[in-house]
$ cat protein.cif   # mmCIF, C-alpha atoms
data_protein
#
loop_
_atom_site.label_atom_id
_atom_site.label_comp_id
_atom_site.auth_asym_id
_atom_site.auth_seq_id
_atom_site.Cartn_x
_atom_site.Cartn_y
_atom_site.Cartn_z
CA MET A 1 39.65 12.02 -18.26
CA SER A 2 38.60 14.03 -21.29
CA SER A 3 36.58 17.22 -21.01
CA GLY A 4 33.58 15.48 -22.52
CA LEU A 5 33.51 12.88 -19.78
CA LEU A 6 33.89 15.62 -17.17
CA PHE A 7 30.77 17.32 -18.52
CA ALA A 8 28.94 14.01 -18.50
CA CYS A 9 29.87 13.30 -14.86
CA VAL A 10 28.77 16.79 -13.80
CA GLY A 11 25.54 16.17 -15.68
CA ALA A 12 24.98 12.96 -13.73
CA ILE A 13 25.42 14.82 -10.43
CA LEU A 14 23.05 17.60 -11.54
CA PHE A 15 20.44 15.08 -12.64
CA SER A 16 20.54 13.30 -9.27
CA MET A 17 20.27 16.59 -7.40
CA GLY A 18 17.30 17.52 -9.56
CA VAL A 19 15.53 14.23 -8.90
CA ALA A 20 16.04 14.61 -5.15
CA GLY A 21 14.77 18.18 -5.32
CA VAL A 22 11.62 17.29 -7.21
CA ILE A 23 10.80 14.59 -4.65
CA LEU A 24 11.65 16.50 -1.48
CA ILE A 25 10.74 20.13 -2.16
CA GLY A 26 7.16 21.22 -1.59
CA HIS A 27 7.35 24.80 -2.85
CA LEU A 28 6.21 24.74 -6.46
CA LEU A 29 8.61 27.36 -7.77
CA ARG A 30 11.58 25.56 -6.26
CA ARG A 31 10.26 22.29 -7.61
CA VAL A 32 10.15 23.77 -11.12
CA LEU A 33 13.76 24.87 -10.67
CA ALA A 34 14.71 21.36 -9.56
CA PHE A 35 12.96 19.97 -12.62
CA ASN A 36 15.06 22.26 -14.80
CA LEU A 37 18.18 21.10 -13.00
CA MET A 38 17.22 17.53 -13.87
CA GLY A 39 16.83 18.48 -17.51
CA SER A 40 20.10 20.40 -17.58
CA GLY A 41 21.85 17.35 -16.15
CA ALA A 42 20.47 15.13 -18.89
CA PHE A 43 21.51 17.64 -21.56
CA LEU A 44 25.03 17.82 -20.13
CA ILE A 45 25.34 14.03 -20.24
CA LEU A 46 24.28 13.94 -23.89
CA VAL A 47 26.57 16.78 -24.95
CA GLY A 48 29.47 15.44 -22.91
CA LEU A 49 29.19 11.95 -24.35
CA ALA A 50 28.85 13.42 -27.85
CA GLN A 51 32.40 14.77 -27.63
CA ARG A 52 34.24 11.84 -26.11
CA ASN A 53 36.34 11.79 -29.25
CA ASP A 54 37.80 14.73 -31.08
CA VAL A 55 34.93 15.18 -33.53
CA PRO A 56 31.57 15.91 -31.85
CA ASP A 57 28.60 13.72 -32.75
CA PRO A 58 25.83 15.90 -34.27
CA VAL A 59 22.93 13.58 -33.39
CA PRO A 60 23.06 14.00 -29.57
CA GLN A 61 23.61 17.72 -30.06
CA ALA A 62 20.48 17.97 -32.19
CA MET A 63 18.55 15.99 -29.57
CA VAL A 64 19.70 18.41 -26.88
CA LEU A 65 18.60 21.35 -29.02
CA THR A 66 15.16 19.79 -29.31
CA GLY A 67 15.10 19.00 -25.61
CA ILE A 68 15.92 22.57 -24.62
CA VAL A 69 12.92 23.88 -26.57
CA VAL A 70 10.57 21.33 -25.05
CA ALA A 71 11.94 22.11 -21.58
CA VAL A 72 11.19 25.80 -22.14
CA ALA A 73 7.61 24.95 -23.09
CA ALA A 74 7.18 22.66 -20.08
CA THR A 75 8.62 25.28 -17.72
CA ALA A 76 6.34 28.01 -19.05
CA LEU A 77 3.33 25.73 -18.64
CA ALA A 78 4.36 24.75 -15.11
CA LEU A 79 4.79 28.39 -14.12
CA ALA A 80 1.39 29.29 -15.57
CA LEU A 81 -0.22 26.50 -13.54
CA ALA A 82 1.60 27.64 -10.40
CA ARG A 83 0.38 31.20 -10.94
CA ARG A 84 -3.16 29.92 -11.39
CA LEU A 85 -2.91 27.92 -8.17
CA HIS A 86 -1.64 30.98 -6.36
CA ALA A 87 -4.51 33.07 -7.71
CA LEU A 88 -7.05 30.48 -6.54
CA THR A 89 -5.63 29.46 -3.16
CA GLY A 90 -3.08 32.11 -2.23
CA LYS A 91 -0.43 29.41 -1.74
CA LEU A 92 2.38 27.98 -3.83
CA GLU A 93 2.16 24.47 -2.39
CA LEU A 94 -0.10 21.62 -3.31
CA PRO A 95 -2.51 20.52 -0.55
CA ALA A 96 -0.86 17.11 -0.20
CA ASP A 97 2.53 18.76 0.42
CA GLU A 98 1.35 21.10 3.16
CA ALA A 99 1.38 18.40 5.87
CA MET B 1 11.76 13.39 12.36
CA LYS B 2 9.77 11.60 9.68
CA ARG B 3 10.65 14.37 7.27
CA PHE B 4 14.32 13.97 8.08
CA VAL B 5 14.15 10.21 7.50
CA VAL B 6 12.46 10.69 4.14
CA GLY B 7 15.00 13.34 3.19
CA PHE B 8 17.91 11.15 4.19
CA ALA B 9 16.51 8.17 2.28
CA VAL B 10 15.88 10.19 -0.88
CA GLY B 11 19.26 11.91 -0.64
CA SER B 12 21.09 8.63 -0.17
CA SER B 13 19.25 7.08 -3.10
CA ALA B 14 20.08 10.05 -5.32
CA LEU B 15 23.74 9.88 -4.30
CA ALA B 16 23.88 6.15 -5.00
CA PHE B 17 22.23 6.71 -8.38
CA ALA B 18 24.77 9.43 -9.22
CA VAL B 19 27.67 7.12 -8.32
CA LEU B 20 26.26 4.31 -10.45
CA LEU B 21 25.65 6.65 -13.37
CA ILE B 22 29.15 8.11 -13.23
CA GLY B 23 30.54 4.58 -13.06
CA ALA B 24 28.60 3.70 -16.19
CA LEU B 25 29.82 6.84 -17.95
CA LEU B 26 33.46 6.09 -17.15
CA GLU B 27 33.27 2.58 -18.53
CA PRO B 28 35.14 2.42 -21.83
CA LEU B 29 32.91 2.29 -24.87
CA SER B 30 32.91 -0.90 -26.92
CA GLY B 31 30.99 -1.73 -30.04
CA GLY B 32 28.95 1.46 -30.12
CA VAL B 33 27.33 2.75 -33.27
CA ASP B 34 29.28 5.69 -34.67
CA LEU B 35 26.62 8.06 -35.98
CA ARG B 36 29.13 10.62 -37.17
CA VAL B 37 30.07 8.37 -40.07
CA ALA B 38 26.43 7.86 -41.05
CA VAL B 39 25.73 11.60 -40.84
CA ALA B 40 28.82 12.50 -42.84
CA ALA B 41 27.91 10.00 -45.54
CA GLN B 42 24.52 11.64 -46.09
CA MET B 43 25.57 15.29 -45.86
CA THR B 44 25.74 15.84 -49.61
CA ALA B 45 22.07 14.89 -50.00
CA SER B 46 20.82 16.88 -47.00
CA GLY B 47 20.68 20.33 -48.61
CA VAL B 48 22.67 22.10 -45.89
CA GLU B 49 26.31 22.06 -44.84
CA HIS B 50 26.05 22.01 -41.05
CA PRO B 51 25.58 18.51 -39.59
CA VAL B 52 23.42 19.56 -36.62
CA THR B 53 21.05 21.47 -38.89
CA ALA B 54 20.94 18.49 -41.23
CA VAL B 55 20.05 16.20 -38.33
CA LEU B 56 17.38 18.56 -37.04
CA LEU B 57 15.56 19.33 -40.27
CA ASN B 58 16.32 16.44 -42.59
CA PHE B 59 17.40 13.29 -40.81
CA ARG B 60 15.16 13.82 -37.73
CA GLY B 61 12.46 15.97 -39.28
CA TYR B 62 9.61 14.26 -37.40
CA ASP B 63 11.18 15.23 -34.08
CA THR B 64 11.45 18.87 -35.07
CA LEU B 65 7.90 18.93 -36.43
CA LEU B 66 6.53 17.57 -33.16
CA GLU B 67 8.75 19.97 -31.23
CA ILE B 68 6.95 23.00 -32.64
CA ALA B 69 3.67 21.20 -31.96
CA VAL B 70 4.66 20.83 -28.29
CA LEU B 71 5.37 24.55 -28.04
CA LEU B 72 2.01 25.40 -29.60
CA LEU B 73 0.27 22.99 -27.26
CA ALA B 74 1.88 24.59 -24.21
CA LEU B 75 0.75 28.03 -25.35
CA ILE B 76 -2.80 26.80 -26.02
CA VAL B 77 -3.00 25.29 -22.53
CA ILE B 78 -1.73 28.52 -20.98
CA LEU B 79 -4.43 30.45 -22.83
CA ALA B 80 -7.01 27.86 -21.77
CA ILE B 81 -6.04 28.14 -18.10
CA GLY B 82 -7.37 31.67 -18.20
CA LEU B 83 -5.68 35.02 -18.26
CA ASP B 84 -5.25 37.18 -15.20
CA THR B 85 -7.26 40.28 -16.05
CA THR B 86 -6.34 42.30 -12.97
CA SER B 87 -4.09 45.18 -13.82
CA ASP B 88 -0.99 46.39 -12.15
CA ARG B 89 -0.31 50.08 -12.14
CA PRO B 90 1.15 50.73 -15.60
CA ARG B 91 4.81 51.30 -14.96
CA ALA B 92 6.32 54.59 -16.02
CA GLY B 93 9.15 53.74 -18.36
CA ASN B 94 12.61 55.13 -17.79
CA PRO B 95 13.37 57.20 -20.92
CA VAL B 96 17.05 56.22 -20.92
CA VAL B 97 16.21 52.52 -20.79
CA GLN B 98 13.49 52.99 -23.39
CA THR B 99 15.95 54.65 -25.75
CA LEU B 100 18.36 51.74 -25.32
CA ALA B 101 15.53 49.29 -25.97
CA ARG B 102 14.55 51.15 -29.12
CA LEU B 103 18.15 50.90 -30.32
CA ALA B 104 18.53 47.24 -29.34
CA ALA B 105 15.33 45.86 -30.89
CA PRO B 106 16.23 46.48 -34.56
CA LEU B 107 19.71 45.08 -33.95
CA MET B 108 18.15 41.97 -32.44
CA ILE B 109 15.99 41.54 -35.54
CA VAL B 110 19.10 41.75 -37.72
CA VAL B 111 20.83 39.19 -35.50
CA ALA B 112 17.82 36.88 -35.78
CA VAL B 113 17.84 37.04 -39.58
CA TYR B 114 21.57 36.29 -39.57
CA LEU B 115 21.11 33.33 -37.23
CA LEU B 116 18.42 31.94 -39.51
CA TRP B 117 20.64 32.22 -42.55
CA ALA B 118 23.79 31.00 -40.80
CA GLY B 119 22.10 27.77 -39.74
CA ALA B 120 22.86 26.28 -43.14
CA PHE B 121 26.61 26.13 -42.59
CA ARG B 122 27.35 26.86 -38.92
CA PRO B 123 25.52 26.67 -35.58
CA GLY B 124 22.28 28.62 -35.81
CA GLY B 125 18.86 28.16 -37.31
CA ALA B 126 15.20 28.73 -36.67
CA PHE B 127 15.08 28.04 -32.94
CA GLN B 128 17.98 30.32 -32.09
CA ALA B 129 16.58 33.07 -34.31
CA GLY B 130 13.12 32.68 -32.76
CA ALA B 131 14.57 32.96 -29.27
CA VAL B 132 16.29 36.25 -30.16
CA LEU B 133 13.06 37.65 -31.61
CA ALA B 134 11.17 36.67 -28.47
CA ALA B 135 13.83 38.30 -26.31
CA ALA B 136 13.39 41.52 -28.29
CA ALA B 137 9.63 41.47 -27.64
CA VAL B 138 10.11 40.80 -23.94
CA LEU B 139 12.68 43.61 -23.72
CA LEU B 140 10.28 46.07 -25.32
CA HIS B 141 7.54 44.95 -22.95
CA LEU B 142 9.62 45.24 -19.79
CA THR B 143 10.62 48.79 -20.73
CA GLY B 144 6.98 49.77 -21.22
CA LEU B 145 7.10 50.18 -24.99
CA LEU B 146 5.00 47.11 -25.83
CA PRO B 147 1.78 46.31 -23.96
CA SER B 148 1.03 42.81 -22.79
CA TRP B 149 -1.01 40.61 -25.08
CA GLN B 150 -4.63 39.75 -24.45
CA THR B 151 -6.73 37.18 -26.26
CA PRO B 152 -5.06 36.51 -29.63
CA MET B 153 -7.07 37.59 -32.65
CA LEU B 154 -6.86 36.35 -36.22
CA LYS B 155 -3.53 37.88 -37.20
CA LEU B 156 -1.70 36.71 -34.11
CA ARG B 157 -3.27 33.27 -34.36
CA SER B 158 -2.11 33.03 -37.96
CA GLY B 159 1.41 33.99 -36.95
CA LEU B 160 1.47 31.53 -34.08
CA THR B 161 0.41 28.59 -36.21
CA ALA B 162 2.11 29.48 -39.51
CA GLY B 163 5.37 27.67 -38.74
CA PHE B 164 3.68 24.44 -37.77
CA LEU B 165 1.29 24.59 -40.73
CA ILE B 166 4.06 25.34 -43.24
CA PHE B 167 6.06 22.42 -41.89
CA LEU B 168 2.99 20.21 -42.11
CA ALA B 169 2.19 21.41 -45.64
CA VAL B 170 5.71 20.69 -46.88
CA ALA B 171 5.58 17.27 -45.22
CA ALA B 172 2.20 16.47 -46.77
CA SER B 173 3.21 17.65 -50.23
CA LEU B 174 6.28 15.43 -50.09
CA LEU B 175 3.95 12.53 -49.29
CA SER B 176 3.01 12.49 -52.95
CA ARG B 177 6.60 11.51 -53.66
CA GLY B 178 6.29 8.44 -51.50
CA ALA B 179 7.34 9.35 -47.98
CA LEU B 180 6.53 12.00 -45.40
CA LEU B 181 9.31 14.60 -45.03
CA GLN B 182 11.58 12.90 -47.53
CA TYR B 183 13.03 15.82 -49.48
CA PRO B 184 14.20 15.49 -53.08
CA PRO B 185 17.95 16.20 -52.84
CA ALA B 186 17.86 18.97 -55.43
CA GLN B 187 15.30 21.07 -53.53
CA ALA B 188 16.15 20.03 -49.96
CA GLY B 189 18.05 23.22 -49.20
CA MET B 190 15.30 25.53 -50.40
CA LEU B 191 12.58 23.56 -48.61
CA ILE B 192 14.58 23.59 -45.38
CA LEU B 193 15.03 27.35 -45.65
CA LEU B 194 11.28 27.80 -46.21
CA ILE B 195 10.46 25.66 -43.19
CA GLU B 196 13.04 27.48 -41.08
CA ALA B 197 11.71 30.92 -42.02
CA GLY B 198 8.17 29.96 -41.04
CA LEU B 199 9.43 28.36 -37.85
CA THR B 200 11.40 31.49 -36.91
CA ILE B 201 8.33 33.73 -37.01
CA SER B 202 6.13 31.28 -35.16
CA LEU B 203 8.76 30.46 -32.57
CA GLY B 204 9.38 34.13 -31.88
CA LEU B 205 5.66 34.75 -31.40
CA ILE B 206 5.10 31.62 -29.31
CA LEU B 207 8.05 32.19 -27.00
CA ALA B 208 7.13 35.86 -26.60
CA GLY B 209 3.52 34.84 -25.99
CA LEU B 210 4.55 32.50 -23.18
CA PHE B 211 5.71 35.64 -21.39
CA LEU B 212 3.39 38.37 -22.62
CA PHE B 213 0.12 36.48 -22.22
CA LEU B 214 1.02 35.95 -18.57
CA SER B 215 1.92 39.56 -17.92
CA ARG B 216 -0.43 41.67 -15.85
CA ASP B 217 -0.21 44.88 -17.81
CA PRO B 218 -3.40 45.92 -19.56
CA GLY B 219 -3.06 45.83 -23.31
CA GLY B 220 -5.09 46.18 -26.46
CA ASP B 221 -6.34 43.30 -28.53
CA THR B 222 -3.86 42.18 -31.15
#

$ encode --input "protein.cif" --output "structure tokens"
Amino acid sequence: MSSGLLFACVGAILFSMGVAGVILIGHLLRRVLAFNLMGSGAFLILVGLAQRNDVPDPVPQAMVLTGIVVAVAATALALALARRLHALTGKLELPADEA
Amino acid sequence: MKRFVVGFAVGSSALAFAVLLIGALLEPLSGGVDLRVAVAAQMTASGVEHPVTAVLLNFRGYDTLLEIAVLLLALIVILAIGLDTTSDRPRAGNPVVQTLARLAAPLMIVVAVYLLWAGAFRPGGAFQAGAVLAAAAVLLHLTGLLPSWQTPMLKLRSGLTAGFLIFLAVAASLLSRGALLQYPPAQAGMLILLIEAGLTISLGLILAGLFLFLSRDPGGDT
């Protein structure tokens, strides 16, 4: 197995862990972390597959670069919303998740 | 008990999905499109020497244009949510740490300029340079040398939107030549450098703003 495929397999595991975390975890901060884990898994798959051969493919690498920036923006927005929720309700869980 | 059942079901599904995905990844590739050949064939007309930079700013220019728009949108929504105007006690800065921050910030600016320039022929470019600039601003803020930002005034708003507007202006001006964001090969390098310089400033301000607008420290209007 080449190193690229190893990265891709680790990315698949990270993505699945992230999906499970987003579904199961009620605490918003931990859910944001799980969301980032999902994104990191997807990025690892793209970068790993891009270097299956000796010469890396620049197109998936450029897509990952774009994805990282968008993930940063989404994370900052999610954290701002979580802070707003905490300021309004004193909790970091959505009402539906408190049960 | 119900929670355990749900957790077990979701965990099992995630594990099964991971196994299926790894199985798909390990399958040998057949008949795939080799984009490296297509990228290499067009490198001479792209205006830069590094293939990833060429893909970002020439071959996939729409994606990069919308990427800066997404960042701006996130910042606008954060400002619209409303700023927390309560103030923490202003922290007394450690003079040793402040001295180190004062030394580090100019070096980070030099590194950012280098990253911007290096993007033409090796990994680097506007987004990496912008991230370094934002890190410098956050470092100065955490050491107490830079106050947090309040409502952005005209100068800061101009800086935040300049990158996106420059990109849009270049794209629109190229429309007169027949296609949006289709550079003439002779000027592609210079246009890409112009776009990247504007993006660097705006990205640095936007990424720093994502942190500094959320900070609790009282600060003057900028």

$ closest_residue --input "protein.cif" --among "A:Leu85, A:Leu94, A:Leu44, A:Ala80" --to "chain B" --atoms "only C-alpha atoms"
A:Ala80

$ residues_around --input "protein.cif" --residues "Asn53 (chain A)" --least-positions-apart "6" --cutoff "10 Å" --atoms "all atoms listed in the file" --output "PyMOL selection string"
chain A and resi 2-5

$ closest_atom_pairs --input "protein.cif" --of "region 22-109 of chain B" --to "region 57-63 of chain A" --cutoff "6 Å" --atoms "all atoms listed in the file" --output "JSON lines"
{"residue": "B:Arg36", "atom": "CA", "partner": "A:Asp57", "partner_atom": "CA", "distance": 5.4}
{"residue": "B:Pro51", "atom": "CA", "partner": "A:Pro58", "partner_atom": "CA", "distance": 5.9}
{"residue": "B:Val52", "atom": "CA", "partner": "A:Pro58", "partner_atom": "CA", "distance": 5.0}
{"residue": "B:Leu56", "atom": "CA", "partner": "A:Ala62", "partner_atom": "CA", "distance": 5.8}

$ residues_around --input "protein.cif" --residues "region 13-17 of chain B" --least-positions-apart "5" --cutoff "8 Å" --atoms "all atoms listed in the file" --output "ChimeraX atom specification"
/A:16-17,19-20

$ write_last_selection --input "protein.cif" --atoms "C-alpha atoms" --output "compact mmCIF listing (two decimals), keeping the file's coordinate frame"
# COMPACT_ATOMS: atom_id res chain seq x y z
CA SER A 16 20.54 13.30 -9.27
CA MET A 17 20.27 16.59 -7.40
CA VAL A 19 15.53 14.23 -8.90
CA ALA A 20 16.04 14.61 -5.15

$ interface_residues --input "protein.cif" --of "chain B" --to "chain A" --cutoff "9 Å" --atoms "all atoms listed in the file" --output "ChimeraX atom specification"
/B:6-7,10-11,13-19,21-23,25-26,34-36,39,51-56,60,63-64,67-68,70-75,77-78,81-84,127,207,210-211,214

$ resolve_selection --input "protein.cif" --expression "the PyMOL selection byres ((chain B and resi 102-114) around 12)" --output "ChimeraX atom specification"
/B:95-101,115-141,143-146,193,196-197,200-201,203-204

$ write_last_selection --input "protein.cif" --atoms "C-alpha atoms" --output "compact mmCIF listing (two decimals), in the frame of the given file"
# COMPACT_ATOMS: atom_id res chain seq x y z
CA PRO B 95 13.37 57.20 -20.92
CA VAL B 96 17.05 56.22 -20.92
CA VAL B 97 16.21 52.52 -20.79
CA GLN B 98 13.49 52.99 -23.39
CA THR B 99 15.95 54.65 -25.75
CA LEU B 100 18.36 51.74 -25.32
CA ALA B 101 15.53 49.29 -25.97
CA LEU B 115 21.11 33.33 -37.23
CA LEU B 116 18.42 31.94 -39.51
CA TRP B 117 20.64 32.22 -42.55
CA ALA B 118 23.79 31.00 -40.80
CA GLY B 119 22.10 27.77 -39.74
CA ALA B 120 22.86 26.28 -43.14
CA PHE B 121 26.61 26.13 -42.59
CA ARG B 122 27.35 26.86 -38.92
CA PRO B 123 25.52 26.67 -35.58
CA GLY B 124 22.28 28.62 -35.81
CA GLY B 125 18.86 28.16 -37.31
CA ALA B 126 15.20 28.73 -36.67
CA PHE B 127 15.08 28.04 -32.94
CA GLN B 128 17.98 30.32 -32.09
CA ALA B 129 16.58 33.07 -34.31
CA GLY B 130 13.12 32.68 -32.76
CA ALA B 131 14.57 32.96 -29.27
CA VAL B 132 16.29 36.25 -30.16
CA LEU B 133 13.06 37.65 -31.61
CA ALA B 134 11.17 36.67 -28.47
CA ALA B 135 13.83 38.30 -26.31
CA ALA B 136 13.39 41.52 -28.29
CA ALA B 137 9.63 41.47 -27.64
CA VAL B 138 10.11 40.80 -23.94
CA LEU B 139 12.68 43.61 -23.72
CA LEU B 140 10.28 46.07 -25.32
CA HIS B 141 7.54 44.95 -22.95
CA THR B 143 10.62 48.79 -20.73
CA GLY B 144 6.98 49.77 -21.22
CA LEU B 145 7.10 50.18 -24.99
CA LEU B 146 5.00 47.11 -25.83
CA LEU B 193 15.03 27.35 -45.65
CA GLU B 196 13.04 27.48 -41.08
CA ALA B 197 11.71 30.92 -42.02
CA THR B 200 11.40 31.49 -36.91
CA ILE B 201 8.33 33.73 -37.01
CA LEU B 203 8.76 30.46 -32.57
CA GLY B 204 9.38 34.13 -31.88

$ residues_around --input "protein.cif" --residues "Ala45 (chain B)" --least-positions-apart "2" --cutoff "10 Å" --atoms "only C-alpha atoms" --output "JSON, numbers by chain"
{"B": [41, 42, 43, 47, 48, 49, 54, 58, 183, 184, 185, 186, 187, 188, 189]}

$ write_last_selection --input "protein.cif" --atoms "C-alpha atoms" --output "compact mmCIF listing (two decimals), keeping the file's coordinate frame"
# COMPACT_ATOMS: atom_id res chain seq x y z
CA ALA B 41 27.91 10.00 -45.54
CA GLN B 42 24.52 11.64 -46.09
CA MET B 43 25.57 15.29 -45.86
CA GLY B 47 20.68 20.33 -48.61
CA VAL B 48 22.67 22.10 -45.89
CA GLU B 49 26.31 22.06 -44.84
CA ALA B 54 20.94 18.49 -41.23
CA ASN B 58 16.32 16.44 -42.59
CA TYR B 183 13.03 15.82 -49.48
CA PRO B 184 14.20 15.49 -53.08
CA PRO B 185 17.95 16.20 -52.84
CA ALA B 186 17.86 18.97 -55.43
CA GLN B 187 15.30 21.07 -53.53
CA ALA B 188 16.15 20.03 -49.96
CA GLY B 189 18.05 23.22 -49.20

$ atom_distance --input "protein.cif" --atom1 "CA of Ile192 (chain B)" --atom2 "CA of Leu57 (chain B)"
6.7 Å

$ axis_aligned_box --input "protein.cif" --around "region 168-187 of chain B" --padding-each-side "6 Å" --output "lines of an AutoDock Vina configuration file"
center_x = 10.1
center_y = 14.9
center_z = -48.8
size_x = 27.8
size_y = 25.0
size_z = 25.3

$ atom_distance --input "protein.cif" --atom1 "CA of Ala179 (chain B)" --atom2 "CA of Ala40 (chain B)"
22.3 Å

$ atom_distance --input "protein.cif" --atom1 "CA of Leu181 (chain B)" --atom2 "CA of Val37 (chain B)"
22.2 Å

$ resolve_selection --input "protein.cif" --expression "the PyMOL selection byres ((chain A and resi 32-37) around 6)" --output "list in words"
Gly18, Gly21, Val22, Leu29, Arg30, Arg31, Met38, Gly39 and Ser40 of chain A

$ residues_near_point --input "protein.cif" --point "(0.1, 42.6, -25.8)" --cutoff "6 Å" --atoms "only C-alpha atoms" --output "PyMOL selection string"
chain B and resi 147-150+219
